[in-house]
$ cat structure_23.cif   # mmCIF, C-alpha atoms and all ligand atoms
data_input
#
loop_
_atom_site.label_atom_id
_atom_site.label_comp_id
_atom_site.auth_asym_id
_atom_site.auth_seq_id
_atom_site.Cartn_x
_atom_site.Cartn_y
_atom_site.Cartn_z
CA MET A 77 -15.12 -29.96 24.44
CA THR A 78 -12.30 -30.92 22.05
CA ARG A 79 -11.38 -28.56 19.30
CA LYS A 80 -11.73 -29.47 15.62
CA ASP A 81 -8.68 -29.76 13.41
CA ARG A 82 -8.72 -26.62 11.32
CA THR A 83 -5.21 -26.80 9.97
CA GLU A 84 -5.36 -29.57 7.36
CA GLY A 85 -7.43 -30.90 4.49
CA ILE A 86 -8.37 -29.61 1.05
CA TYR A 87 -11.91 -28.86 -0.08
CA SER A 88 -11.71 -29.34 -3.83
CA ARG A 89 -9.62 -31.38 -6.25
CA LEU A 90 -9.12 -28.19 -8.27
CA GLU A 91 -6.87 -26.89 -5.50
CA VAL A 92 -4.25 -29.57 -6.14
CA LEU A 93 -4.03 -29.75 -9.95
CA ASP A 94 -0.49 -29.88 -11.27
CA ALA A 95 0.75 -27.02 -13.42
CA SER A 96 -0.20 -28.52 -16.77
CA GLU A 97 -3.62 -29.71 -15.56
CA ARG A 98 -4.22 -26.24 -14.19
CA ASN A 99 -3.34 -24.55 -17.47
CA GLN A 100 -5.58 -26.95 -19.32
CA PHE A 101 -8.40 -26.25 -16.85
CA TYR A 102 -8.02 -22.48 -17.21
CA ARG A 103 -7.91 -22.76 -20.99
CA ILE A 104 -11.08 -24.84 -21.24
CA GLN A 105 -12.99 -22.70 -18.73
CA LEU A 106 -11.94 -19.46 -20.37
CA LYS A 107 -12.65 -20.54 -23.92
CA ASP A 108 -16.06 -21.85 -22.94
CA MET A 109 -16.92 -18.69 -21.05
CA LEU A 110 -15.63 -16.28 -23.70
CA LYS A 111 -17.62 -18.05 -26.43
CA TYR A 112 -20.76 -18.01 -24.34
CA ALA A 113 -20.32 -14.38 -23.36
CA TYR A 114 -19.75 -13.31 -26.95
CA ARG A 115 -22.92 -15.05 -27.98
CA TYR A 116 -25.25 -13.93 -25.18
CA SER A 117 -23.91 -10.63 -23.80
CA GLU A 118 -24.47 -7.67 -26.11
CA GLU A 119 -21.81 -5.64 -24.37
CA VAL A 120 -19.18 -8.38 -24.57
CA LYS A 121 -19.92 -8.80 -28.29
CA LYS A 122 -19.42 -5.06 -28.81
CA ARG A 123 -16.16 -5.07 -26.88
CA PHE A 124 -14.71 -8.06 -28.71
CA ASP A 125 -15.75 -6.70 -32.11
CA ARG A 126 -14.27 -3.28 -31.37
CA ALA A 127 -10.97 -4.87 -30.36
CA GLN A 128 -11.19 -7.27 -33.36
CA PHE A 129 -10.85 -10.16 -30.95
CA ASP A 130 -11.97 -13.39 -32.57
CA VAL A 131 -13.14 -15.75 -29.84
CA ASN A 132 -12.71 -18.76 -32.14
CA LYS A 133 -9.02 -18.03 -32.35
CA PHE A 134 -8.54 -18.20 -28.59
CA ARG A 135 -6.07 -21.08 -28.20
CA ASP A 136 -3.63 -20.22 -25.49
CA LEU A 137 -3.98 -18.45 -22.13
CA SER A 138 -1.75 -15.65 -23.39
CA ASP A 139 -4.36 -14.84 -26.08
CA ILE A 140 -6.45 -13.20 -23.39
CA LYS A 141 -4.20 -10.15 -23.50
CA HIS A 142 -5.89 -9.13 -26.78
CA ILE A 143 -9.12 -8.41 -24.90
CA PRO A 144 -9.19 -4.84 -23.53
CA ILE A 145 -9.17 -4.37 -19.76
CA LEU A 146 -12.51 -3.52 -18.14
CA LYS A 147 -12.04 -0.78 -15.55
CA LYS A 148 -14.30 -0.91 -12.54
CA LYS A 149 -15.24 2.73 -13.12
CA GLU A 150 -16.67 1.81 -16.53
CA LEU A 151 -19.25 -0.44 -14.88
CA ILE A 152 -21.23 2.50 -13.51
CA PHE A 153 -21.68 3.90 -17.01
CA LEU A 154 -22.16 0.57 -18.80
CA GLN A 155 -24.81 -0.66 -16.37
CA SER A 156 -26.94 2.41 -17.03
CA MET A 157 -27.06 1.73 -20.77
CA GLY A 158 -30.28 -0.27 -20.93
CA PRO A 159 -31.77 -3.62 -19.95
CA ARG A 160 -29.72 -6.58 -18.64
CA LEU A 161 -27.47 -4.06 -16.87
CA GLY A 162 -26.50 -2.42 -20.13
CA GLY A 163 -26.16 -5.73 -21.95
CA LEU A 164 -23.55 -7.08 -19.55
CA LEU A 165 -25.84 -9.84 -18.28
CA THR A 166 -26.47 -12.87 -20.48
CA LYS A 167 -30.02 -13.27 -19.14
CA ASP A 168 -32.81 -11.07 -17.87
CA LEU A 169 -32.56 -9.41 -14.48
CA GLY A 170 -35.72 -11.22 -13.35
CA LYS A 171 -33.88 -14.53 -13.68
CA MET A 172 -31.45 -13.51 -10.93
CA ASN A 173 -31.63 -14.66 -7.34
CA ARG A 174 -30.68 -11.27 -5.88
CA VAL A 175 -29.32 -7.92 -7.00
CA PHE A 176 -27.05 -6.05 -4.57
CA LEU A 177 -25.81 -2.51 -4.57
CA SER A 178 -22.22 -1.31 -4.17
CA PRO A 179 -20.93 2.26 -3.97
CA GLY A 180 -20.90 3.94 -7.37
CA PRO A 181 -23.68 2.87 -7.58
CA ILE A 182 -22.74 -0.44 -9.13
CA PHE A 183 -25.27 -3.29 -9.19
CA ASP A 184 -24.03 -6.75 -8.29
CA PRO A 185 -26.28 -9.47 -9.71
CA GLU A 186 -26.36 -12.94 -8.13
CA ASP A 187 -27.57 -15.90 -10.18
CA ARG A 188 -29.43 -18.94 -8.81
CA ILE A 189 -26.29 -21.05 -8.83
CA PRO A 190 -24.84 -22.89 -5.82
CA ASP A 191 -21.72 -21.23 -4.42
CA TYR A 192 -22.20 -18.42 -6.94
CA TRP A 193 -19.62 -16.17 -5.25
CA GLY A 194 -17.15 -19.05 -4.89
CA TRP A 195 -16.06 -18.67 -1.27
CA THR A 196 -16.51 -22.25 -0.05
CA GLU A 197 -12.97 -23.52 -0.71
CA GLY A 198 -11.61 -20.35 0.89
CA PHE A 199 -13.70 -20.78 4.04
CA TYR A 200 -12.52 -24.37 4.32
CA ALA A 201 -8.90 -23.25 3.89
CA SER A 202 -9.52 -20.63 6.61
CA GLY A 203 -10.48 -23.40 9.01
CA PHE A 204 -14.31 -23.46 9.08
CA ARG A 205 -15.66 -26.96 9.62
CA SER A 206 -18.98 -28.76 9.74
CA GLY A 207 -20.86 -28.08 12.98
CA ASP A 208 -19.44 -24.61 13.58
CA VAL A 209 -21.84 -21.99 14.87
CA VAL A 210 -20.87 -18.79 13.11
CA GLN A 211 -21.68 -15.17 13.78
CA ASN A 212 -21.71 -13.28 10.48
CA CYS A 213 -21.10 -9.60 11.22
CA PHE A 214 -21.14 -8.34 7.63
CA ASN A 215 -23.91 -6.11 6.41
CA TYR A 216 -27.02 -7.80 4.98
CA HIS A 217 -28.66 -4.71 3.47
CA PHE A 218 -28.08 -3.77 -0.18
CA ASN A 219 -24.41 -4.74 0.21
CA PRO A 220 -23.62 -8.31 -0.94
CA ALA A 221 -21.20 -9.20 1.88
CA GLY A 222 -23.65 -10.62 4.46
CA LEU A 223 -25.47 -13.02 2.16
CA MET A 224 -22.37 -13.69 0.05
CA PHE A 225 -20.69 -15.28 3.07
CA GLU A 226 -23.74 -17.37 4.04
CA ASP A 227 -23.32 -19.63 1.01
CA PRO A 228 -19.93 -21.07 1.95
CA LEU A 229 -21.07 -21.61 5.54
CA ARG A 230 -24.14 -23.50 4.38
CA ASN A 231 -22.00 -25.58 2.02
CA LEU A 232 -19.67 -26.49 4.89
CA GLU A 233 -22.65 -27.32 7.13
CA CYS A 234 -22.19 -24.55 9.65
CA ALA A 235 -25.03 -22.74 11.41
CA VAL A 236 -25.15 -18.97 10.87
CA ILE A 237 -26.27 -16.15 13.15
CA PRO A 238 -27.08 -13.36 10.66
CA ALA A 239 -25.88 -10.67 13.04
CA GLY A 240 -24.73 -7.88 10.75
CA PRO A 241 -22.58 -5.11 12.17
CA GLY A 242 -23.45 -3.14 15.32
CA ASN A 243 -25.39 -4.00 18.50
CA THR A 244 -22.13 -4.93 20.14
CA ASN A 245 -23.61 -5.90 23.52
CA THR A 246 -26.14 -8.24 21.92
CA GLN A 247 -23.40 -9.72 19.75
CA LEU A 248 -21.34 -10.54 22.83
CA GLU A 249 -24.31 -11.98 24.66
CA ILE A 250 -25.07 -14.33 21.74
CA MET A 251 -21.42 -15.32 21.48
CA GLN A 252 -21.49 -16.44 25.10
CA LYS A 253 -24.93 -18.04 25.22
CA LEU A 254 -24.67 -19.99 21.95
CA ARG A 255 -20.97 -20.76 22.35
CA ILE A 256 -20.18 -19.28 18.93
CA THR A 257 -17.10 -20.93 17.38
CA GLY A 258 -16.72 -18.92 14.18
CA TYR A 259 -16.55 -15.22 13.36
CA VAL A 260 -17.05 -13.66 9.92
CA GLY A 261 -16.55 -9.91 9.61
CA THR A 262 -13.88 -7.26 9.59
CA ALA A 263 -10.82 -7.56 11.80
CA SER A 264 -11.47 -4.09 13.19
CA TYR A 265 -14.96 -5.10 14.37
CA LEU A 266 -13.53 -8.21 16.03
CA MET A 267 -11.06 -5.92 17.77
CA HIS A 268 -13.92 -3.67 18.86
CA LEU A 269 -15.91 -6.64 20.20
CA GLY A 270 -12.86 -7.74 22.17
CA GLN A 271 -12.38 -4.31 23.72
CA LYS A 272 -16.05 -4.09 24.72
CA ALA A 273 -15.95 -7.60 26.16
CA GLU A 274 -12.86 -6.84 28.21
CA GLU A 275 -14.40 -3.61 29.48
CA ALA A 276 -17.36 -5.68 30.65
CA GLY A 277 -14.94 -7.91 32.57
CA LEU A 278 -15.03 -10.89 30.20
CA ASN A 279 -12.07 -13.13 29.54
CA LEU A 280 -11.93 -13.61 25.74
CA ARG A 281 -10.46 -17.09 26.04
CA LYS A 282 -12.62 -18.41 28.85
CA ASP A 283 -15.95 -16.64 28.48
CA LEU A 284 -16.05 -16.74 24.67
CA PHE A 285 -15.56 -19.85 22.52
CA LEU A 286 -14.28 -18.53 19.18
CA GLU A 287 -11.88 -20.87 17.38
CA VAL A 288 -11.83 -19.50 13.86
CA ALA A 289 -12.30 -16.13 12.14
CA PHE A 290 -12.60 -15.14 8.50
CA VAL A 291 -11.90 -11.49 7.86
CA THR A 292 -11.82 -9.39 4.72
CA ALA A 293 -12.61 -5.92 3.31
CA GLU A 294 -9.69 -4.10 4.93
CA LYS A 295 -5.93 -4.32 5.23
CA VAL A 296 -5.00 -6.18 8.43
CA PRO A 297 -1.48 -5.55 9.72
CA GLU A 298 0.20 -8.76 10.91
CA LYS A 299 0.57 -7.20 14.35
CA VAL A 300 -3.20 -6.81 14.63
CA ARG A 301 -3.77 -10.36 13.46
CA ASN A 302 -1.29 -11.75 15.97
CA THR A 303 -2.87 -9.76 18.78
CA LEU A 304 -6.37 -10.97 17.93
CA GLU A 305 -5.33 -14.59 17.48
CA LYS A 306 -3.65 -14.57 20.83
CA LYS A 307 -6.33 -12.67 22.72
CA TYR A 308 -9.17 -14.90 21.55
CA ASP A 309 -7.08 -18.04 21.03
CA LEU A 310 -8.35 -18.49 17.48
CA ILE A 311 -7.13 -18.90 13.89
CA MET A 312 -7.76 -15.79 11.78
CA ARG A 313 -7.45 -16.00 8.03
CA GLN A 314 -8.15 -13.44 5.31
CA GLY A 315 -10.00 -13.60 2.05
CA TYR A 316 -9.78 -11.28 -0.91
CA GLY A 317 -12.54 -10.55 -3.38
CA THR A 318 -14.82 -7.88 -4.74
CA ALA A 319 -18.56 -7.31 -4.74
CA ASP A 320 -18.58 -7.72 -8.54
CA VAL A 321 -16.84 -11.07 -8.90
CA GLY A 322 -16.85 -12.64 -5.42
CA CYS A 323 -13.86 -14.65 -4.21
CA ILE A 324 -10.47 -13.96 -5.82
CA GLY A 325 -8.12 -15.44 -3.24
CA TYR A 326 -7.79 -16.75 0.30
CA GLU A 327 -5.17 -17.67 2.85
CA CYS A 328 -4.52 -21.19 4.02
CA TYR A 329 -3.32 -22.22 7.48
CA HIS A 330 0.26 -21.33 6.51
CA ARG A 331 -0.72 -17.71 5.77
CA ASN A 332 1.84 -17.04 3.09
CA GLY A 333 -0.16 -15.11 0.55
CA LEU A 334 -3.60 -15.56 -1.01
CA HIS A 335 -4.17 -18.79 -2.92
CA MET A 336 -5.94 -17.86 -6.14
CA ALA A 337 -9.52 -19.06 -6.22
CA ASN A 338 -10.07 -21.83 -8.75
CA ARG A 339 -13.12 -20.15 -10.18
CA SER A 340 -11.28 -17.48 -12.11
CA PHE A 341 -8.24 -16.64 -14.18
CA ILE A 342 -6.08 -13.99 -12.53
CA GLU A 343 -3.44 -11.82 -14.16
CA ILE A 344 -1.12 -9.16 -12.80
CA CYS A 345 -1.00 -6.38 -15.38
CA HIS A 346 0.69 -3.08 -16.01
CA PRO A 347 -1.79 -0.49 -14.69
CA ASP A 348 -1.55 1.66 -17.83
CA THR A 349 -1.27 -0.76 -20.70
CA GLY A 350 -3.04 -3.85 -19.33
CA ILE A 351 -0.12 -5.97 -20.50
CA PRO A 352 0.42 -9.01 -18.23
CA LEU A 353 3.57 -8.85 -16.11
CA LYS A 354 5.98 -11.58 -15.06
CA ASP A 355 5.72 -13.56 -11.82
CA GLY A 356 6.96 -11.51 -8.91
CA GLU A 357 6.42 -8.13 -10.62
CA VAL A 358 4.02 -5.75 -8.91
CA GLY A 359 1.00 -4.69 -10.92
CA GLU A 360 -2.78 -4.48 -10.96
CA VAL A 361 -4.89 -7.54 -10.17
CA VAL A 362 -7.01 -8.30 -13.25
CA VAL A 363 -9.61 -11.00 -12.82
CA THR A 364 -11.81 -13.03 -15.14
CA ALA A 365 -14.24 -15.19 -13.18
CA PHE A 366 -15.66 -18.14 -15.10
CA ASN A 367 -19.10 -16.64 -14.76
CA LYS A 368 -21.43 -17.06 -17.72
CA THR A 369 -24.24 -15.03 -16.20
CA TYR A 370 -22.33 -11.81 -15.68
CA PRO A 371 -19.14 -12.08 -17.71
CA LEU A 372 -16.82 -9.35 -16.47
CA ILE A 373 -13.83 -10.19 -18.62
CA ARG A 374 -10.45 -8.87 -17.49
CA LEU A 375 -11.90 -6.72 -14.74
CA ALA A 376 -9.21 -4.44 -13.31
CA THR A 377 -9.64 -4.33 -9.53
CA GLY A 378 -7.44 -1.31 -8.78
CA ASP A 379 -5.53 -3.46 -6.25
CA LEU A 380 -1.79 -4.05 -6.50
CA SER A 381 -0.19 -7.42 -5.93
CA PHE A 382 2.27 -9.91 -7.43
CA ILE A 383 2.21 -13.62 -8.26
CA GLU A 384 4.08 -16.18 -6.17
CA ARG A 385 4.44 -19.77 -7.40
CA SER A 386 6.72 -21.41 -4.84
CA PRO A 387 5.16 -24.54 -3.28
CA CYS A 388 2.98 -24.02 -0.21
CA PRO A 389 3.24 -26.49 2.70
CA CYS A 390 -0.56 -26.88 2.69
CA GLY A 391 -0.34 -28.88 -0.54
CA ARG A 392 -2.49 -26.52 -2.60
CA THR A 393 -0.86 -25.96 -5.96
CA SER A 394 -2.78 -22.85 -6.92
CA PRO A 395 -0.50 -19.85 -7.41
CA ARG A 396 -0.74 -17.16 -4.76
CA LEU A 397 -1.12 -13.41 -4.72
CA GLY A 398 1.57 -12.06 -2.44
CA GLY A 399 -0.93 -10.03 -0.46
CA ILE A 400 -2.63 -6.81 -1.51
CA ILE A 401 0.07 -4.20 -1.20
CA GLY A 402 -1.74 -1.08 -2.27
CA ARG A 403 -4.11 0.57 -4.68
CA VAL A 404 -3.35 1.72 -8.19
CA ASP A 405 -4.68 5.16 -7.36
CA THR A 406 -2.10 5.71 -4.61
CA THR A 407 0.63 5.04 -7.14
CA ALA A 408 2.35 7.83 -9.01
CA ARG A 409 4.30 7.69 -12.21
CA ILE A 410 7.31 9.90 -11.76
CA LYS A 411 9.51 10.60 -14.77
CA GLY A 412 7.88 7.64 -16.48
CA LEU A 413 8.51 5.22 -13.60
CA PHE A 414 5.83 3.74 -11.39
CA VAL A 415 6.51 4.48 -7.76
CA TYR A 416 4.50 2.48 -5.24
CA PRO A 417 4.09 3.49 -1.59
CA HIS A 418 5.10 0.00 -0.40
CA GLN A 419 8.48 0.34 -2.16
CA ILE A 420 9.22 3.54 -0.29
CA GLU A 421 8.02 1.95 2.93
CA GLN A 422 10.52 -0.88 2.41
CA VAL A 423 13.36 1.62 2.05
CA ILE A 424 12.28 3.69 5.04
CA ALA A 425 11.92 0.54 7.18
CA ARG A 426 15.72 0.27 7.14
CA PHE A 427 15.90 3.57 9.00
CA ASP A 428 14.32 2.98 12.38
CA GLU A 429 14.88 6.55 13.45
CA ILE A 430 12.50 7.94 10.78
CA LYS A 431 9.07 8.37 12.35
CA ARG A 432 6.98 9.35 9.31
CA TRP A 433 7.50 10.17 5.66
CA GLN A 434 5.81 11.50 2.57
CA LEU A 435 6.85 11.80 -1.05
CA GLU A 436 5.62 14.94 -2.77
CA VAL A 437 5.60 15.18 -6.55
CA THR A 438 5.45 18.50 -8.41
CA ASN A 439 6.16 19.53 -11.99
CA PRO A 440 7.43 23.09 -12.15
CA GLY A 441 7.97 23.99 -15.80
CA GLY A 442 6.48 20.63 -16.82
CA ILE A 443 9.31 18.53 -15.39
CA ASP A 444 8.62 16.04 -12.59
CA GLU A 445 10.32 16.71 -9.30
CA ALA A 446 10.05 14.64 -6.15
CA THR A 447 10.67 15.70 -2.58
CA LEU A 448 10.96 13.18 0.22
CA TYR A 449 9.87 14.59 3.60
CA VAL A 450 10.96 12.65 6.66
CA GLU A 451 10.22 13.31 10.30
CA VAL A 452 13.34 12.50 12.28
CA SER A 453 15.56 14.18 14.85
CA ASN A 454 19.37 14.31 14.56
CA PHE A 455 19.40 12.34 11.34
CA ARG A 456 22.90 11.08 10.59
CA ARG A 457 22.28 8.74 7.66
CA LYS A 458 21.19 11.14 4.90
CA GLU A 459 23.67 9.82 2.35
CA ASP A 460 22.75 6.27 3.16
CA LEU A 461 19.04 7.01 2.77
CA MET A 462 19.47 8.79 -0.56
CA HIS A 463 21.69 6.03 -1.85
CA THR A 464 19.21 3.29 -0.92
CA PHE A 465 16.33 5.31 -2.34
CA ARG A 466 18.07 5.78 -5.69
CA GLU A 467 19.06 2.16 -5.84
CA LYS A 468 15.64 0.70 -5.02
CA ILE A 469 13.26 3.25 -6.49
CA LYS A 470 15.36 4.63 -9.31
CA ILE A 471 14.46 8.24 -8.69
CA ARG A 472 16.44 10.96 -7.00
CA PRO A 473 14.23 13.07 -4.74
CA ASP A 474 15.20 16.15 -2.76
CA LEU A 475 15.36 15.35 0.94
CA GLN A 476 13.63 17.57 3.49
CA ILE A 477 14.14 16.80 7.17
CA LEU A 478 11.32 17.79 9.50
CA GLU A 479 11.09 17.75 13.28
CA PRO A 480 8.85 14.91 14.53
CA GLY A 481 5.22 16.07 14.79
CA THR A 482 5.45 18.59 11.93
CA MET A 483 3.30 16.78 9.36
CA PRO A 484 -0.48 16.77 9.68
CA PRO A 485 -1.96 13.61 11.25
CA GLN A 486 -3.53 12.29 8.01
CA ILE A 487 -1.23 12.24 5.00
CA ARG A 488 -1.11 10.36 1.73
CA PRO A 489 2.11 8.41 1.25
CA ILE A 490 2.53 9.94 -2.19
CA GLU A 491 1.13 13.44 -2.61
CA ASP A 492 0.79 14.30 -6.28
CA LYS A 493 0.76 18.08 -6.68
CA ARG A 494 1.48 18.17 -10.39
CA SER A 495 -0.66 20.31 -12.63
CA TRP A 496 -1.44 19.25 -16.17
CA ASP A 497 -2.69 22.52 -17.69
ZN ZN B 1 -1.22 -22.87 1.28
#
$ encode --input "structure_23.cif" --output "C-alpha cells"
Amino acid sequence: MTRKDRTEGIYSRLEVLDASERNQFYRIQLKDMLKYAYRYSEEVKKRFDRAQFDVNKFRDLSDIKHIPILKKKELIFLQSMGPRLGGLLTKDLGKMNRVFLSPGPIFDPEDRIPDYWGWTEGFYASGFRSGDVVQNCFNYHFNPAGLMFEDPLRNLECAVIPAGPGNTNTQLEIMQKLRITGYVGTASYLMHLGQKAEEAGLNLRKDLFLEVAFVTAEKVPEKVRNTLEKKYDLIMRQGYGTADVGCIGYECYHRNGLHMANRSFIEICHPDTGIPLKDGEVGEVVVTAFNKTYPLIRLATGDLSFIERSPCPCGRTSPRLGGIIGRVDTTARIKGLFVYPHQIEQVIARFDEIKRWQLEVTNPGGIDEATLYVEVSNFRRKEDLMHTFREKIKIRPDLQILEPGTMPPQIRPIEDKRSWD
C-alpha cells in the first residue's frame, strides 16, 4: 500500500493571506464580533460599559487593548451568575449542541456550527488526509477533547474509532486489525501504547500501520517526538488550544512553531497589565476567537509564548507562536522583573556539568532575594555562571552549590517563598 503525501498542501485560503489582507480580515471579523457580542451578551455589555469601551469606535486592531483582559479564573464565577452561563452566551443554553465540563468547574458550550472548535485546518497541516482510519484516544465523557477532535476528522473525510483513553490491549488489537493510519491523543499515551506493543512482541513499524499522529494537551520534548516518529515511522504534529475556545495554533510539516489559527485574533500580553507586547517578546497568550455564540474576548490563557513572523517554508503566512514555553503561574517577578523558568534553563544549558537547579525567592525584611541552587560536583565555572545569569536575567542571585542528589525528586523551577504579610 502506498503512503499518502502528508507533507504538502493548504486547507484554507485564509492560511495564505498576505499581511495587509490578514489585518483587514482580523479587523472585519473582530469588529463584527465585538458589535454582536455587545448587543447580545449581557456580560460583554457590562464589561465594555465598565471600561468605557465604545464598540463603534473600534477602527484599528490596536484598539482592542482598551478592552480588559478576561482571566480564565473569572469564568468559574461569571458562569454561576445566572442564565446563559451568567450572560456570557448570546443565546439560550438549550440552543447549544453540547455542553462540556472542564476542571473548575468551567462549562464549555458548543454551538450547532460546523467546525465549531476550528481544528480542521490544523489537522490538515498535521498531515491527516481523506481516507485515513483514525483512533481517537481522547476522553469522550464530560471533557470536550474526544468530540472536539471528531469534527476535523469528519471534515477531512477520515473514519474515526472513538476509542477514548485506556483499554490498551484492545486499542492495540484494533490498530492491527483495522490497519489504523492515524492517532489522535496525548504523546505520552502513544508512548505507553508503543511500550505495551513491544512487550507483546510487536514490531511498531511492521505490525502497526500508523502514518500520522496529532497530539496535544501536554508539553512534548523534541526528544520524545523524535523517538516516537522513528519507532512508529510516522509524522507527529502538535496542536495548541483550550477547552473554552478550541484551536489556537498548530504545527505544519516544518514544525517550527504553532501557526496561529485563522479563527481568532491572538495577542501576546504583559501578564500583569494586559498590554500587548512586541513580536519576539515573551508574554501571556491572549486569545479572542471570532465566536458570536460564546464571545470570550481577550481570554488570558495563562500560557507563555512569543510571536514569530519569519516566513515558513510551508507557504502559510499566518504568524506563529514560538511554542508554549511555560505558564504564567510558574513565573516570578523578582525586584520588579519577570523571571521565567525557560530563561534560567537557557542559561543553565550552557553548563553541561550542572545536573539540576532551582531558583528560590525570599523577601527578608520586605526586600526580594534570590538564591540559585545547583547540583554539580567540582564546579569550576562559578564566575562564568554568575556573569551569564546577570547578563541574561538581569538579577544577581546568591549561588549555592549542592552535591548531586541533594534536592528532592519533584521541585518547582522557581520556588517563591516570599511572605506578603
Ligand atoms: Zn509552516
$ residues_near_ligand --input "structure_23.cif" --ligand "ligand ZN 1 (chain B)" --cutoff "10 Å" --atoms "all atoms listed in the file" --output "list in words"
Glu84, Ile86, Glu91, Ala201, Tyr326, Glu327, Cys328, Tyr329, His330, Arg331, Asn332, Gly333, Leu334, His335, Pro387, Cys388, Pro389, Cys390, Gly391, Arg392, Thr393, Ser394, Pro395 and Arg396 of chain A
$ residues_near_point --input "structure_23.cif" --point "(-16.7, -21.5, -22.0)" --cutoff "12 Å" --atoms "all atoms listed in the file" --output "list in words"
Phe101, Tyr102, Arg103, Ile104, Gln105, Leu106, Lys107, Asp108, Met109, Leu110, Lys111, Tyr112, Ala113, Tyr114, Arg115, Tyr116, Val131, Asn132, Phe134, Ser340, Thr364, Ala365, Phe366, Asn367, Lys368, Thr369 and Pro371 of chain A
$ residues_near_point --input "structure_23.cif" --point "(7.2, -9.0, -11.6)" --cutoff "10 Å" --atoms "all atoms listed in the file" --output "JSON, numbers by chain"
{"A": [344, 345, 346, 352, 353, 354, 355, 356, 357, 358, 359, 381, 382, 383, 384]}
$ write_last_selection --input "structure_23.cif" --atoms "C-alpha atoms" --output "compact mmCIF listing (two decimals), in the coordinates of the input"
# COMPACT_ATOMS: atom_id res chain seq x y z
CA ILE A 344 -1.12 -9.16 -12.80
CA CYS A 345 -1.00 -6.38 -15.38
CA HIS A 346 0.69 -3.08 -16.01
CA PRO A 352 0.42 -9.01 -18.23
CA LEU A 353 3.57 -8.85 -16.11
CA LYS A 354 5.98 -11.58 -15.06
CA ASP A 355 5.72 -13.56 -11.82
CA GLY A 356 6.96 -11.51 -8.91
CA GLU A 357 6.42 -8.13 -10.62
CA VAL A 358 4.02 -5.75 -8.91
CA GLY A 359 1.00 -4.69 -10.92
CA SER A 381 -0.19 -7.42 -5.93
CA PHE A 382 2.27 -9.91 -7.43
CA ILE A 383 2.21 -13.62 -8.26
CA GLU A 384 4.08 -16.18 -6.17
$ closest_residue --input "structure_23.cif" --among "A:Trp496, A:Tyr87, A:Phe183, A:Phe214" --to "Thr196 (chain A)" --atoms "all atoms listed in the file"
A:Tyr87
$ atom_distance --input "structure_23.cif" --atom1 "CA of Ala263 (chain A)" --atom2 "CA of Met312 (chain A)"
8.8 Å
$ closest_residue --input "structure_23.cif" --among "A:Leu269, A:Leu151, A:Arg160, A:Tyr370" --to "Asn243 (chain A)" --atoms "only C-alpha atoms"
A:Leu269
$ closest_residue --input "structure_23.cif" --among "A:Glu97, A:Ser117, A:Thr246, A:Glu233" --to "Pro159 (chain A)" --atoms "all atoms listed in the file"
A:Ser117
$ atom_distance --input "structure_23.cif" --atom1 "CA of Gly180 (chain A)" --atom2 "CA of Leu372 (chain A)"
16.6 Å
$ atom_distance --input "structure_23.cif" --atom1 "CA of Phe153 (chain A)" --atom2 "CA of Asp187 (chain A)"
21.8 Å
$ residues_around --input "structure_23.cif" --residues "Pro417 (chain A)" --least-positions-apart "3" --cutoff "9 Å" --atoms "all atoms listed in the file" --output "list in words"
Ile401, Gly402, Thr406, Thr407, Ala408, Ile420, Glu421, Gln422, Leu435, Pro489 and Ile490 of chain A
$ residues_around --input "structure_23.cif" --residues "Gly258 (chain A)" --least-positions-apart "3" --cutoff "7 Å" --atoms "all atoms listed in the file" --output "ChimeraX atom specification"
/A:208-211,286-289
$ axis_aligned_box --input "structure_23.cif" --around "region 371-376 of chain A" --padding-each-side "5 Å" --output "AutoDock Vina command-line options"
--center_x -14.2 --center_y -8.3 --center_z -16.0 --size_x 19.9 --size_y 17.6 --size_z 15.3
$ decode --input "structure_23.cif" --residues "region 393-400 of chain A" --atoms "N, CA, C and O atoms" --output "mmCIF file, in the first residue's frame"
data_model
loop_
_atom_site.group_PDB
_atom_site.id
_atom_site.type_symbol
_atom_site.label_atom_id
_atom_site.label_comp_id
_atom_site.auth_asym_id
_atom_site.auth_seq_id
_atom_site.Cartn_x
_atom_site.Cartn_y
_atom_site.Cartn_z
ATOM 1 N N THR A 393 1.069 31.908 5.668
ATOM 2 C CA THR A 393 1.560 33.233 6.041
ATOM 3 C C THR A 393 1.126 33.615 7.445
ATOM 4 O O THR A 393 1.489 34.679 7.935
ATOM 5 N N SER A 394 0.333 32.775 8.073
ATOM 6 C CA SER A 394 -0.126 33.121 9.422
ATOM 7 C C SER A 394 1.071 33.202 10.356
ATOM 8 O O SER A 394 1.984 32.380 10.281
ATOM 9 N N PRO A 395 1.085 34.218 11.243
ATOM 10 C CA PRO A 395 2.177 34.301 12.213
ATOM 11 C C PRO A 395 2.169 33.051 13.098
ATOM 12 O O PRO A 395 1.173 32.333 13.152
ATOM 13 N N ARG A 396 3.291 32.803 13.752
ATOM 14 C CA ARG A 396 3.380 31.606 14.589
ATOM 15 C C ARG A 396 3.650 31.958 16.052
ATOM 16 O O ARG A 396 4.290 32.974 16.343
ATOM 17 N N LEU A 397 3.158 31.104 16.924
ATOM 18 C CA LEU A 397 3.572 31.171 18.322
ATOM 19 C C LEU A 397 4.817 30.309 18.411
ATOM 20 O O LEU A 397 4.836 29.190 17.907
ATOM 21 N N GLY A 398 5.849 30.844 19.050
ATOM 22 C CA GLY A 398 7.098 30.091 19.114
ATOM 23 C C GLY A 398 7.067 28.995 20.157
ATOM 24 O O GLY A 398 7.960 28.899 20.974
ATOM 25 N N GLY A 399 6.017 28.210 20.159
ATOM 26 C CA GLY A 399 5.895 27.137 21.151
ATOM 27 C C GLY A 399 5.374 27.679 22.469
ATOM 28 O O GLY A 399 5.391 28.887 22.717
ATOM 29 N N ILE A 400 4.876 26.791 23.305
ATOM 30 C CA ILE A 400 4.391 27.197 24.628
ATOM 31 C C ILE A 400 5.542 26.945 25.581
ATOM 32 O O ILE A 400 5.951 25.807 25.795
#
